[in-house]
$ cat my_file_30.cif   # mmCIF, N, CA and C atoms
data_start
#
loop_
_atom_site.label_atom_id
_atom_site.label_comp_id
_atom_site.auth_asym_id
_atom_site.auth_seq_id
_atom_site.Cartn_x
_atom_site.Cartn_y
_atom_site.Cartn_z
N MET A 34 0.83 -1.18 0.00
CA MET A 34 0.00 0.00 0.00
C MET A 34 0.87 1.24 0.00
N ALA A 35 0.40 2.29 -0.63
CA ALA A 35 1.15 3.53 -0.70
C ALA A 35 1.23 4.20 0.66
N ASP A 36 0.21 3.98 1.49
CA ASP A 36 0.21 4.59 2.82
C ASP A 36 1.29 4.01 3.71
N ASP A 37 1.78 2.80 3.38
CA ASP A 37 2.78 2.15 4.20
C ASP A 37 4.19 2.40 3.69
N ALA A 38 4.42 3.49 2.95
CA ALA A 38 5.74 3.78 2.41
C ALA A 38 6.71 3.99 3.55
N PRO A 39 7.92 3.43 3.41
CA PRO A 39 8.89 3.59 4.50
C PRO A 39 9.25 5.06 4.70
N SER A 40 9.52 5.39 5.94
CA SER A 40 9.82 6.78 6.27
C SER A 40 11.19 7.20 5.79
N SER A 41 11.99 6.25 5.31
CA SER A 41 13.32 6.60 4.84
C SER A 41 13.33 7.14 3.42
N VAL A 42 12.19 7.12 2.76
CA VAL A 42 12.11 7.66 1.41
C VAL A 42 12.20 9.17 1.50
N PRO A 43 13.18 9.76 0.83
CA PRO A 43 13.31 11.22 0.94
C PRO A 43 12.14 11.93 0.27
N SER A 44 11.70 12.97 0.91
CA SER A 44 10.64 13.79 0.32
C SER A 44 11.28 15.04 -0.26
N PRO A 45 10.61 15.67 -1.21
CA PRO A 45 11.20 16.89 -1.78
C PRO A 45 11.39 17.92 -0.68
N THR A 46 12.53 18.54 -0.68
CA THR A 46 12.81 19.54 0.34
C THR A 46 12.42 20.92 -0.15
N PRO A 47 11.73 21.65 0.69
CA PRO A 47 11.34 23.00 0.29
C PRO A 47 12.54 23.89 0.03
N ALA A 48 13.66 23.59 0.66
CA ALA A 48 14.84 24.43 0.48
C ALA A 48 15.41 24.35 -0.92
N SER A 49 15.06 23.28 -1.65
CA SER A 49 15.61 23.13 -2.98
C SER A 49 14.93 24.04 -4.00
N THR A 50 13.76 24.53 -3.67
CA THR A 50 13.07 25.46 -4.57
C THR A 50 13.03 26.82 -3.89
N PRO A 51 13.53 27.83 -4.56
CA PRO A 51 13.55 29.16 -3.92
C PRO A 51 12.14 29.68 -3.69
N ALA A 52 11.98 30.33 -2.56
CA ALA A 52 10.69 30.95 -2.24
C ALA A 52 10.49 32.17 -3.14
N ALA A 53 9.24 32.37 -3.51
CA ALA A 53 8.92 33.54 -4.33
C ALA A 53 9.20 34.79 -3.51
N PRO A 54 9.85 35.78 -4.12
CA PRO A 54 10.13 37.01 -3.36
C PRO A 54 8.84 37.74 -3.02
N LYS A 55 8.83 38.34 -1.84
CA LYS A 55 7.67 39.13 -1.44
C LYS A 55 7.72 40.45 -2.20
N PRO A 56 6.57 40.90 -2.68
CA PRO A 56 6.59 42.20 -3.36
C PRO A 56 6.96 43.29 -2.38
N ALA A 57 7.87 44.10 -2.80
CA ALA A 57 8.32 45.21 -1.95
C ALA A 57 7.31 46.34 -2.02
N ALA A 58 7.14 47.01 -0.91
CA ALA A 58 6.27 48.19 -0.90
C ALA A 58 6.94 49.25 -1.76
N PRO A 59 6.14 49.98 -2.54
CA PRO A 59 6.76 51.00 -3.38
C PRO A 59 7.46 52.04 -2.53
N ALA A 60 8.64 52.44 -3.00
CA ALA A 60 9.40 53.46 -2.27
C ALA A 60 8.63 54.77 -2.23
N ASN A 61 7.88 55.03 -3.26
CA ASN A 61 7.09 56.25 -3.34
C ASN A 61 5.62 55.85 -3.46
N PRO A 62 4.81 56.12 -2.45
CA PRO A 62 3.39 55.75 -2.53
C PRO A 62 2.67 56.39 -3.73
N LEU A 63 3.24 57.45 -4.28
CA LEU A 63 2.61 58.12 -5.42
C LEU A 63 3.13 57.61 -6.76
N ALA A 64 3.90 56.53 -6.76
CA ALA A 64 4.52 56.04 -7.99
C ALA A 64 3.50 55.75 -9.10
N LYS A 65 2.33 55.28 -8.75
CA LYS A 65 1.33 54.93 -9.77
C LYS A 65 0.49 56.13 -10.23
N PHE A 66 0.67 57.26 -9.58
CA PHE A 66 -0.11 58.45 -9.92
C PHE A 66 0.51 59.16 -11.12
N PRO A 67 -0.29 59.96 -11.82
CA PRO A 67 0.26 60.74 -12.95
C PRO A 67 1.39 61.66 -12.49
N SER A 68 2.25 62.00 -13.40
CA SER A 68 3.41 62.84 -13.06
C SER A 68 2.97 64.19 -12.49
N ALA A 69 1.84 64.71 -12.92
CA ALA A 69 1.38 66.00 -12.39
C ALA A 69 1.13 65.91 -10.88
N VAL A 70 0.64 64.77 -10.41
CA VAL A 70 0.39 64.59 -8.98
C VAL A 70 1.71 64.44 -8.24
N ARG A 71 2.62 63.65 -8.79
CA ARG A 71 3.94 63.50 -8.16
C ARG A 71 4.68 64.84 -8.12
N ASP A 72 4.56 65.61 -9.20
CA ASP A 72 5.19 66.94 -9.23
C ASP A 72 4.56 67.88 -8.20
N ALA A 73 3.24 67.79 -8.04
CA ALA A 73 2.56 68.63 -7.04
C ALA A 73 3.04 68.26 -5.64
N HIS A 74 3.23 66.98 -5.39
CA HIS A 74 3.74 66.52 -4.10
C HIS A 74 5.14 67.09 -3.84
N LYS A 75 6.01 66.98 -4.82
CA LYS A 75 7.38 67.52 -4.68
C LYS A 75 7.34 69.03 -4.47
N HIS A 76 6.47 69.70 -5.23
CA HIS A 76 6.35 71.15 -5.11
C HIS A 76 5.88 71.53 -3.71
N PHE A 77 4.89 70.81 -3.19
CA PHE A 77 4.41 71.10 -1.84
C PHE A 77 5.54 70.91 -0.83
N LEU A 78 6.27 69.81 -0.94
CA LEU A 78 7.35 69.55 0.02
C LEU A 78 8.43 70.63 -0.04
N ALA A 79 8.67 71.14 -1.25
CA ALA A 79 9.72 72.16 -1.41
C ALA A 79 9.26 73.54 -0.99
N THR A 80 7.99 73.85 -1.19
CA THR A 80 7.52 75.23 -0.99
C THR A 80 6.45 75.40 0.07
N GLY A 81 5.75 74.32 0.43
CA GLY A 81 4.63 74.45 1.35
C GLY A 81 3.37 74.97 0.70
N ASP A 82 3.33 75.00 -0.62
CA ASP A 82 2.17 75.49 -1.37
C ASP A 82 0.98 74.56 -1.15
N VAL A 83 -0.03 75.05 -0.42
CA VAL A 83 -1.18 74.20 -0.08
C VAL A 83 -2.03 73.85 -1.28
N GLU A 84 -1.99 74.64 -2.32
CA GLU A 84 -2.73 74.28 -3.54
C GLU A 84 -2.13 73.02 -4.16
N ALA A 85 -0.82 72.88 -4.07
CA ALA A 85 -0.17 71.66 -4.56
C ALA A 85 -0.57 70.48 -3.68
N LEU A 86 -0.67 70.70 -2.38
CA LEU A 86 -1.13 69.65 -1.47
C LEU A 86 -2.56 69.25 -1.80
N ASP A 87 -3.41 70.23 -2.10
CA ASP A 87 -4.79 69.93 -2.48
C ASP A 87 -4.85 69.04 -3.71
N THR A 88 -3.95 69.28 -4.66
CA THR A 88 -3.89 68.44 -5.87
C THR A 88 -3.64 66.99 -5.48
N VAL A 89 -2.74 66.78 -4.55
CA VAL A 89 -2.43 65.42 -4.09
C VAL A 89 -3.63 64.83 -3.36
N VAL A 90 -4.22 65.58 -2.46
CA VAL A 90 -5.37 65.09 -1.70
C VAL A 90 -6.50 64.66 -2.63
N LEU A 91 -6.83 65.50 -3.59
CA LEU A 91 -7.93 65.17 -4.49
C LEU A 91 -7.60 63.97 -5.38
N ALA A 92 -6.35 63.83 -5.77
CA ALA A 92 -5.95 62.66 -6.57
C ALA A 92 -6.05 61.38 -5.74
N VAL A 93 -5.69 61.46 -4.48
CA VAL A 93 -5.80 60.29 -3.60
C VAL A 93 -7.27 59.92 -3.38
N VAL A 94 -8.11 60.92 -3.21
CA VAL A 94 -9.55 60.66 -3.06
C VAL A 94 -10.07 59.95 -4.31
N ARG A 95 -9.74 60.46 -5.48
CA ARG A 95 -10.21 59.84 -6.72
C ARG A 95 -9.67 58.42 -6.84
N ASP A 96 -8.42 58.22 -6.50
CA ASP A 96 -7.82 56.89 -6.62
C ASP A 96 -8.47 55.87 -5.69
N HIS A 97 -8.90 56.30 -4.52
CA HIS A 97 -9.50 55.39 -3.55
C HIS A 97 -11.02 55.27 -3.70
N GLN A 98 -11.61 56.07 -4.55
CA GLN A 98 -13.05 56.01 -4.75
C GLN A 98 -13.41 54.66 -5.36
N PRO A 99 -14.52 54.07 -4.95
CA PRO A 99 -14.93 52.80 -5.55
C PRO A 99 -14.96 52.92 -7.08
N SER A 100 -14.34 51.95 -7.75
CA SER A 100 -14.16 52.03 -9.20
C SER A 100 -15.47 52.12 -9.96
N HIS A 101 -16.52 51.49 -9.46
CA HIS A 101 -17.79 51.54 -10.18
C HIS A 101 -18.44 52.93 -10.14
N LEU A 102 -17.98 53.79 -9.25
CA LEU A 102 -18.52 55.15 -9.17
C LEU A 102 -17.58 56.20 -9.76
N ARG A 103 -16.33 55.84 -9.95
CA ARG A 103 -15.32 56.79 -10.41
C ARG A 103 -15.67 57.38 -11.77
N ALA A 104 -16.17 56.56 -12.68
CA ALA A 104 -16.46 57.03 -14.04
C ALA A 104 -17.58 58.07 -14.09
N THR A 105 -18.49 58.02 -13.12
CA THR A 105 -19.62 58.96 -13.14
C THR A 105 -19.43 60.14 -12.20
N SER A 106 -18.31 60.19 -11.52
CA SER A 106 -18.04 61.30 -10.60
C SER A 106 -17.63 62.54 -11.37
N PRO A 107 -17.86 63.71 -10.79
CA PRO A 107 -17.43 64.94 -11.45
C PRO A 107 -15.91 64.99 -11.59
N ALA A 108 -15.44 65.70 -12.58
CA ALA A 108 -13.99 65.83 -12.80
C ALA A 108 -13.31 66.50 -11.61
N VAL A 109 -14.00 67.44 -11.00
CA VAL A 109 -13.48 68.13 -9.81
C VAL A 109 -14.50 67.91 -8.70
N PHE A 110 -14.02 67.43 -7.56
CA PHE A 110 -14.91 67.21 -6.43
C PHE A 110 -15.19 68.53 -5.72
N PRO A 111 -16.46 68.90 -5.57
CA PRO A 111 -16.76 70.11 -4.80
C PRO A 111 -16.48 69.86 -3.32
N ASP A 112 -16.11 70.91 -2.60
CA ASP A 112 -15.79 70.80 -1.18
C ASP A 112 -16.95 70.20 -0.38
N GLU A 113 -18.16 70.48 -0.79
CA GLU A 113 -19.31 70.01 -0.01
C GLU A 113 -19.71 68.57 -0.33
N ALA A 114 -19.02 67.91 -1.27
CA ALA A 114 -19.33 66.52 -1.61
C ALA A 114 -19.07 65.61 -0.42
N SER A 115 -20.08 64.85 -0.04
CA SER A 115 -19.95 63.91 1.06
C SER A 115 -19.13 62.71 0.61
N LEU A 116 -18.13 62.36 1.39
CA LEU A 116 -17.27 61.23 1.03
C LEU A 116 -18.08 59.93 0.97
N MET A 117 -18.97 59.74 1.91
CA MET A 117 -19.75 58.51 1.93
C MET A 117 -21.00 58.61 1.05
N GLY A 118 -21.76 59.66 1.23
CA GLY A 118 -23.02 59.79 0.52
C GLY A 118 -22.88 60.06 -0.97
N ASP A 119 -22.06 61.05 -1.33
CA ASP A 119 -21.92 61.45 -2.73
C ASP A 119 -20.88 60.65 -3.51
N LEU A 120 -19.79 60.29 -2.84
CA LEU A 120 -18.68 59.65 -3.56
C LEU A 120 -18.61 58.14 -3.33
N GLY A 121 -19.47 57.62 -2.48
CA GLY A 121 -19.59 56.17 -2.33
C GLY A 121 -18.56 55.49 -1.46
N PHE A 122 -17.84 56.24 -0.63
CA PHE A 122 -16.85 55.63 0.24
C PHE A 122 -17.54 54.88 1.38
N ASP A 123 -16.91 53.82 1.84
CA ASP A 123 -17.34 53.18 3.07
C ASP A 123 -16.23 53.39 4.11
N SER A 124 -16.43 52.90 5.31
CA SER A 124 -15.45 53.15 6.36
C SER A 124 -14.09 52.52 6.05
N LEU A 125 -14.07 51.40 5.36
CA LEU A 125 -12.80 50.76 5.00
C LEU A 125 -12.03 51.63 4.00
N ALA A 126 -12.72 52.17 3.01
CA ALA A 126 -12.05 53.03 2.02
C ALA A 126 -11.52 54.30 2.68
N LEU A 127 -12.26 54.85 3.63
CA LEU A 127 -11.78 56.04 4.35
C LEU A 127 -10.55 55.69 5.18
N ALA A 128 -10.55 54.52 5.79
CA ALA A 128 -9.37 54.10 6.56
C ALA A 128 -8.16 53.93 5.64
N GLU A 129 -8.37 53.43 4.43
CA GLU A 129 -7.27 53.28 3.47
C GLU A 129 -6.69 54.64 3.08
N ILE A 130 -7.55 55.63 2.93
CA ILE A 130 -7.08 56.98 2.63
C ILE A 130 -6.23 57.49 3.80
N VAL A 131 -6.70 57.27 5.01
CA VAL A 131 -5.96 57.70 6.20
C VAL A 131 -4.59 57.05 6.22
N PHE A 132 -4.53 55.73 5.99
CA PHE A 132 -3.25 55.02 6.00
C PHE A 132 -2.33 55.58 4.92
N PHE A 133 -2.90 55.91 3.77
CA PHE A 133 -2.11 56.45 2.67
C PHE A 133 -1.47 57.78 3.07
N PHE A 134 -2.27 58.68 3.64
CA PHE A 134 -1.73 59.98 4.06
C PHE A 134 -0.75 59.84 5.22
N GLU A 135 -1.02 58.93 6.14
CA GLU A 135 -0.08 58.71 7.24
C GLU A 135 1.27 58.27 6.70
N ASP A 136 1.25 57.38 5.72
CA ASP A 136 2.49 56.88 5.14
C ASP A 136 3.18 57.97 4.31
N LEU A 137 2.43 58.67 3.50
CA LEU A 137 2.99 59.66 2.59
C LEU A 137 3.61 60.84 3.34
N TYR A 138 2.90 61.35 4.34
CA TYR A 138 3.35 62.56 5.03
C TYR A 138 3.84 62.31 6.46
N LYS A 139 3.93 61.05 6.86
CA LYS A 139 4.43 60.70 8.19
C LYS A 139 3.67 61.43 9.29
N ILE A 140 2.35 61.35 9.18
CA ILE A 140 1.47 61.97 10.17
C ILE A 140 0.69 60.86 10.87
N SER A 141 0.04 61.22 11.94
CA SER A 141 -0.78 60.28 12.68
C SER A 141 -2.20 60.83 12.73
N ILE A 142 -3.15 59.98 12.39
CA ILE A 142 -4.56 60.39 12.38
C ILE A 142 -5.32 59.42 13.27
N THR A 143 -6.00 59.95 14.26
CA THR A 143 -6.74 59.10 15.19
C THR A 143 -8.14 58.78 14.64
N ASN A 144 -8.74 57.76 15.20
CA ASN A 144 -10.11 57.41 14.81
C ASN A 144 -11.07 58.55 15.12
N ASP A 145 -10.86 59.23 16.24
CA ASP A 145 -11.73 60.35 16.60
C ASP A 145 -11.64 61.46 15.55
N GLU A 146 -10.41 61.72 15.09
CA GLU A 146 -10.24 62.75 14.05
C GLU A 146 -10.92 62.32 12.76
N LEU A 147 -10.79 61.05 12.42
CA LEU A 147 -11.40 60.54 11.20
C LEU A 147 -12.92 60.69 11.23
N MET A 148 -13.51 60.53 12.40
CA MET A 148 -14.96 60.62 12.53
C MET A 148 -15.49 62.01 12.19
N ASN A 149 -14.64 63.03 12.24
CA ASN A 149 -15.05 64.40 11.94
C ASN A 149 -14.88 64.78 10.48
N ILE A 150 -14.39 63.86 9.67
CA ILE A 150 -14.14 64.15 8.26
C ILE A 150 -15.25 63.52 7.44
N SER A 151 -16.14 64.37 6.94
CA SER A 151 -17.29 63.84 6.20
C SER A 151 -17.37 64.33 4.76
N THR A 152 -16.67 65.41 4.45
CA THR A 152 -16.74 65.97 3.10
C THR A 152 -15.35 66.12 2.51
N VAL A 153 -15.29 66.35 1.22
CA VAL A 153 -14.02 66.58 0.54
C VAL A 153 -13.33 67.81 1.13
N GLY A 154 -14.07 68.87 1.37
CA GLY A 154 -13.50 70.09 1.93
C GLY A 154 -12.92 69.87 3.32
N LYS A 155 -13.63 69.13 4.16
CA LYS A 155 -13.12 68.84 5.51
C LYS A 155 -11.86 67.98 5.42
N LEU A 156 -11.80 67.06 4.49
CA LEU A 156 -10.61 66.24 4.32
C LEU A 156 -9.42 67.10 3.88
N ARG A 157 -9.65 67.97 2.91
CA ARG A 157 -8.57 68.86 2.44
C ARG A 157 -8.03 69.71 3.59
N GLU A 158 -8.94 70.33 4.33
CA GLU A 158 -8.52 71.19 5.44
C GLU A 158 -7.82 70.38 6.53
N PHE A 159 -8.32 69.20 6.81
CA PHE A 159 -7.70 68.37 7.83
C PHE A 159 -6.28 67.97 7.44
N VAL A 160 -6.11 67.52 6.20
CA VAL A 160 -4.77 67.12 5.76
C VAL A 160 -3.85 68.34 5.76
N ARG A 161 -4.34 69.48 5.32
CA ARG A 161 -3.53 70.71 5.38
C ARG A 161 -3.04 70.96 6.79
N SER A 162 -3.93 70.88 7.75
CA SER A 162 -3.59 71.15 9.14
C SER A 162 -2.60 70.13 9.68
N LYS A 163 -2.85 68.86 9.45
CA LYS A 163 -1.97 67.79 9.95
C LYS A 163 -0.58 67.88 9.33
N VAL A 164 -0.53 68.09 8.03
CA VAL A 164 0.76 68.13 7.34
C VAL A 164 1.53 69.38 7.73
N ALA A 165 0.83 70.50 7.92
CA ALA A 165 1.51 71.73 8.35
C ALA A 165 2.16 71.52 9.71
N THR A 166 1.50 70.82 10.60
CA THR A 166 2.06 70.53 11.91
C THR A 166 3.29 69.64 11.76
N ALA A 167 3.22 68.63 10.90
CA ALA A 167 4.34 67.72 10.69
C ALA A 167 5.52 68.43 10.05
N VAL A 168 5.24 69.29 9.07
CA VAL A 168 6.30 70.02 8.37
C VAL A 168 6.95 71.03 9.30
N ALA A 169 6.19 71.58 10.24
CA ALA A 169 6.73 72.56 11.18
C ALA A 169 7.72 71.91 12.15
N SER A 170 7.70 70.58 12.22
CA SER A 170 8.59 69.84 13.12
C SER A 170 9.48 68.89 12.32
N PRO A 171 10.24 69.37 11.32
CA PRO A 171 11.00 68.47 10.46
C PRO A 171 12.13 67.74 11.16
N ALA A 172 12.57 68.20 12.31
CA ALA A 172 13.67 67.54 13.02
C ALA A 172 13.24 66.21 13.60
N GLN A 173 11.95 66.01 13.77
CA GLN A 173 11.47 64.75 14.32
C GLN A 173 11.55 63.68 13.25
N SER A 174 12.05 62.50 13.61
CA SER A 174 12.13 61.42 12.63
C SER A 174 10.91 60.52 12.72
N THR A 175 10.09 60.70 13.75
CA THR A 175 8.87 59.93 13.89
C THR A 175 7.70 60.87 13.68
N PRO A 176 6.51 60.30 13.42
CA PRO A 176 5.36 61.17 13.24
C PRO A 176 5.15 62.06 14.45
N PRO A 177 4.77 63.31 14.22
CA PRO A 177 4.58 64.23 15.34
C PRO A 177 3.43 63.76 16.23
N ALA A 178 3.58 63.97 17.50
CA ALA A 178 2.54 63.62 18.46
C ALA A 178 1.40 64.62 18.34
N SER A 179 0.19 64.18 18.67
CA SER A 179 -0.94 65.09 18.66
C SER A 179 -0.75 66.11 19.76
N PRO A 180 -1.15 67.34 19.51
CA PRO A 180 -1.01 68.37 20.55
C PRO A 180 -1.77 67.96 21.80
N SER A 181 -1.22 68.22 22.95
CA SER A 181 -1.87 67.84 24.20
C SER A 181 -2.87 68.88 24.69
N ALA A 182 -2.83 70.04 24.10
CA ALA A 182 -3.73 71.11 24.54
C ALA A 182 -5.02 71.06 23.80
#

$ encode --input "my_file_30.cif" --output "structure tokens"
Amino acid sequence: MADDAPSSVPSPTPASTPAAPKPAAPANPLAKFPSAVRDAHKHFLATGDVEALDTVVLAVVRDHQPSHLRATSPAVFPDEASLMGDLGFDSLALAEIVFFFEDLYKISITNDELMNISTVGKLREFVRSKVATAVASPAQSTPPASPSA
């Protein structure tokens, strides 16, 4: 019987076949974005121009919007557009946006802060505020702590 094979029969060793490499995280989270968005990001970092930051924020919102709604969305999101109601985001998609901005700008966003962001305009203003705080403390190598006051 095959089940009674002696234990001395060598079995294929996993070490003989190389493991598939794990995909590396992109060095630049904006690598897949159009060059205009990457340029706006660089411009913001160099100058602090919040309009350039807005370009990045709006591109990230569009990128994270559910694909089935992206084609019918306006070319420019109005500030009063509801992230959940008008643009079709759910809480998971909003969390992904938060993680993206935390990674891109080395900021920290709490769940309580996220709960106050309901529109495109509030998101833009919030990211402006958070990033301005982080940029004002460039000597820190870790994300800036939330103000205690």

$ closest_residue --input "my_file_30.cif" --among "A:Thr80, A:Leu86, A:Asn144, A:Ala92" --to "A:Val109" --atoms "only C-alpha atoms"
A:Ala92

$ residues_near_point --input "my_file_30.cif" --point "(-10.9, 62.2, 11.7)" --cutoff "12 Å" --atoms "only C-alpha atoms" --output "CSV table (one decimal) with N, CA and C atoms, keeping the file's coordinate frame"
chain,number,residue,atom,x,y,z
A,124,SER,N,-16.4,52.9,5.3
A,124,SER,CA,-15.4,53.2,6.4
A,124,SER,C,-14.1,52.5,6.0
A,127,LEU,N,-12.3,54.8,3.6
A,127,LEU,CA,-11.8,56.0,4.4
A,127,LEU,C,-10.6,55.7,5.2
A,128,ALA,N,-10.6,54.5,5.8
A,128,ALA,CA,-9.4,54.1,6.6
A,128,ALA,C,-8.2,53.9,5.6
A,130,ILE,N,-7.6,55.6,2.9
A,130,ILE,CA,-7.1,57.0,2.6
A,130,ILE,C,-6.2,57.5,3.8
A,131,VAL,N,-6.7,57.3,5.0
A,131,VAL,CA,-6.0,57.7,6.2
A,131,VAL,C,-4.6,57.0,6.2
A,132,PHE,N,-4.5,55.7,6.0
A,132,PHE,CA,-3.2,55.0,6.0
A,132,PHE,C,-2.3,55.6,4.9
A,141,SER,N,0.0,61.2,11.9
A,141,SER,CA,-0.8,60.3,12.7
A,141,SER,C,-2.2,60.8,12.7
A,142,ILE,N,-3.2,60.0,12.4
A,142,ILE,CA,-4.6,60.4,12.4
A,142,ILE,C,-5.3,59.4,13.3
A,143,THR,N,-6.0,60.0,14.3
A,143,THR,CA,-6.7,59.1,15.2
A,143,THR,C,-8.1,58.8,14.6
A,144,ASN,N,-8.7,57.8,15.2
A,144,ASN,CA,-10.1,57.4,14.8
A,144,ASN,C,-11.1,58.6,15.1
A,145,ASP,N,-10.9,59.2,16.2
A,145,ASP,CA,-11.7,60.4,16.6
A,145,ASP,C,-11.6,61.5,15.6
A,146,GLU,N,-10.4,61.7,15.1
A,146,GLU,CA,-10.2,62.8,14.0
A,146,GLU,C,-10.9,62.3,12.8
A,147,LEU,N,-10.8,61.0,12.4
A,147,LEU,CA,-11.4,60.5,11.2
A,147,LEU,C,-12.9,60.7,11.2
A,148,MET,N,-13.5,60.5,12.4
A,148,MET,CA,-15.0,60.6,12.5
A,148,MET,C,-15.5,62.0,12.2
A,149,ASN,N,-14.6,63.0,12.2
A,149,ASN,CA,-15.0,64.4,11.9
A,149,ASN,C,-14.9,64.8,10.5
A,150,ILE,N,-14.4,63.9,9.7
A,150,ILE,CA,-14.1,64.2,8.3
A,150,ILE,C,-15.2,63.5,7.4
A,151,SER,N,-16.1,64.4,6.9
A,151,SER,CA,-17.3,63.8,6.2
A,151,SER,C,-17.4,64.3,4.8
A,152,THR,N,-16.7,65.4,4.4
A,152,THR,CA,-16.7,66.0,3.1
A,152,THR,C,-15.4,66.1,2.5
A,155,LYS,N,-13.6,69.1,4.2
A,155,LYS,CA,-13.1,68.8,5.5
A,155,LYS,C,-11.9,68.0,5.4
A,156,LEU,N,-11.8,67.1,4.5
A,156,LEU,CA,-10.6,66.2,4.3
A,156,LEU,C,-9.4,67.1,3.9
A,157,ARG,N,-9.6,68.0,2.9
A,157,ARG,CA,-8.6,68.9,2.4
A,157,ARG,C,-8.0,69.7,3.6
A,158,GLU,N,-8.9,70.3,4.3
A,158,GLU,CA,-8.5,71.2,5.4
A,158,GLU,C,-7.8,70.4,6.5
A,159,PHE,N,-8.3,69.2,6.8
A,159,PHE,CA,-7.7,68.4,7.8
A,159,PHE,C,-6.3,68.0,7.4
A,160,VAL,N,-6.1,67.5,6.2
A,160,VAL,CA,-4.8,67.1,5.8
A,160,VAL,C,-3.8,68.3,5.8
A,162,SER,N,-3.9,70.9,7.8
A,162,SER,CA,-3.6,71.2,9.1
A,162,SER,C,-2.6,70.1,9.7
A,163,LYS,N,-2.8,68.9,9.4
A,163,LYS,CA,-2.0,67.8,10.0
A,163,LYS,C,-0.6,67.9,9.3

$ atom_distance --input "my_file_30.cif" --atom1 "atom C of A:Gly118" --atom2 "atom N of A:Ser68"
28.1 Å

$ resolve_selection --input "my_file_30.cif" --expression "the PyMOL selection byres (((chain A and resi 87 and name CA) around 10) and name CA)" --output "ChimeraX atom specification"
/A:70,73-74,77,82-86,88-93,154,156-158,160-161

$ atom_distance --input "my_file_30.cif" --atom1 "atom CA of A:Met117" --atom2 "atom N of A:Ser100"
12.9 Å

$ atom_distance --input "my_file_30.cif" --atom1 "atom N of A:Leu63" --atom2 "atom C of A:Asp112"
24.2 Å

$ select_by_dssp --input "my_file_30.cif" --residues "stretch 61-165 of chain A" --states "helix (DSSP H, G or I)" --output "JSON, numbers by chain"
{"A": [68, 69, 70, 71, 72, 73, 74, 75, 76, 77, 78, 79, 80, 83, 84, 85, 86, 87, 88, 89, 90, 91, 92, 93, 94, 95, 96, 97, 100, 101, 102, 103, 124, 125, 126, 127, 128, 129, 130, 131, 132, 133, 134, 135, 136, 137, 138, 144, 145, 146, 147, 148, 153, 154, 155, 156, 157, 158, 159, 160, 161, 162, 163, 164, 165]}

$ closest_residue --input "my_file_30.cif" --among "A:Val164, A:Phe134, A:Gly121, A:His76" --to "A:Leu102" --atoms "only C-alpha atoms"
A:Gly121

$ axis_aligned_box --input "my_file_30.cif" --around "stretch 155-170 of chain A" --padding-each-side "6 Å" --output "JSON"
{"center_x": -2.1, "center_y": 69.4, "center_z": 7.8, "size_x": 35.1, "size_y": 18.3, "size_z": 22.7}

$ closest_residue --input "my_file_30.cif" --among "A:Val153, A:Leu120, A:Ala167, A:Phe133" --to "A:Arg103" --atoms "all atoms listed in the file"
A:Leu120

$ decode --input "my_file_30.cif" --residues "stretch 121-140 of chain A" --atoms "C-alpha atoms" --output "PDB file, in the first residue's frame"
ATOM      1  CA  GLY A 121     -19.594  56.174  -2.327  1.00  0.00           C
ATOM      2  CA  PHE A 122     -16.852  55.625   0.243  1.00  0.00           C
ATOM      3  CA  ASP A 123     -17.339  53.185   3.074  1.00  0.00           C
ATOM      4  CA  SER A 124     -15.450  53.150   6.360  1.00  0.00           C
ATOM      5  CA  LEU A 125     -12.804  50.764   5.001  1.00  0.00           C
ATOM      6  CA  ALA A 126     -12.053  53.029   2.024  1.00  0.00           C
ATOM      7  CA  LEU A 127     -11.781  56.036   4.348  1.00  0.00           C
ATOM      8  CA  ALA A 128      -9.370  54.096   6.559  1.00  0.00           C
ATOM      9  CA  GLU A 129      -7.269  53.278   3.472  1.00  0.00           C
ATOM     10  CA  ILE A 130      -7.079  56.982   2.633  1.00  0.00           C
ATOM     11  CA  VAL A 131      -5.963  57.700   6.200  1.00  0.00           C
ATOM     12  CA  PHE A 132      -3.247  55.023   5.999  1.00  0.00           C
ATOM     13  CA  PHE A 133      -2.113  56.450   2.674  1.00  0.00           C
ATOM     14  CA  PHE A 134      -1.730  59.982   4.057  1.00  0.00           C
ATOM     15  CA  GLU A 135      -0.085  58.710   7.241  1.00  0.00           C
ATOM     16  CA  ASP A 136       2.488  56.884   5.136  1.00  0.00           C
ATOM     17  CA  LEU A 137       2.990  59.662   2.592  1.00  0.00           C
ATOM     18  CA  TYR A 138       3.350  62.555   5.033  1.00  0.00           C
ATOM     19  CA  LYS A 139       4.434  60.696   8.191  1.00  0.00           C
ATOM     20  CA  ILE A 140       1.474  61.966  10.172  1.00  0.00           C
TER      21      ILE A 140
END
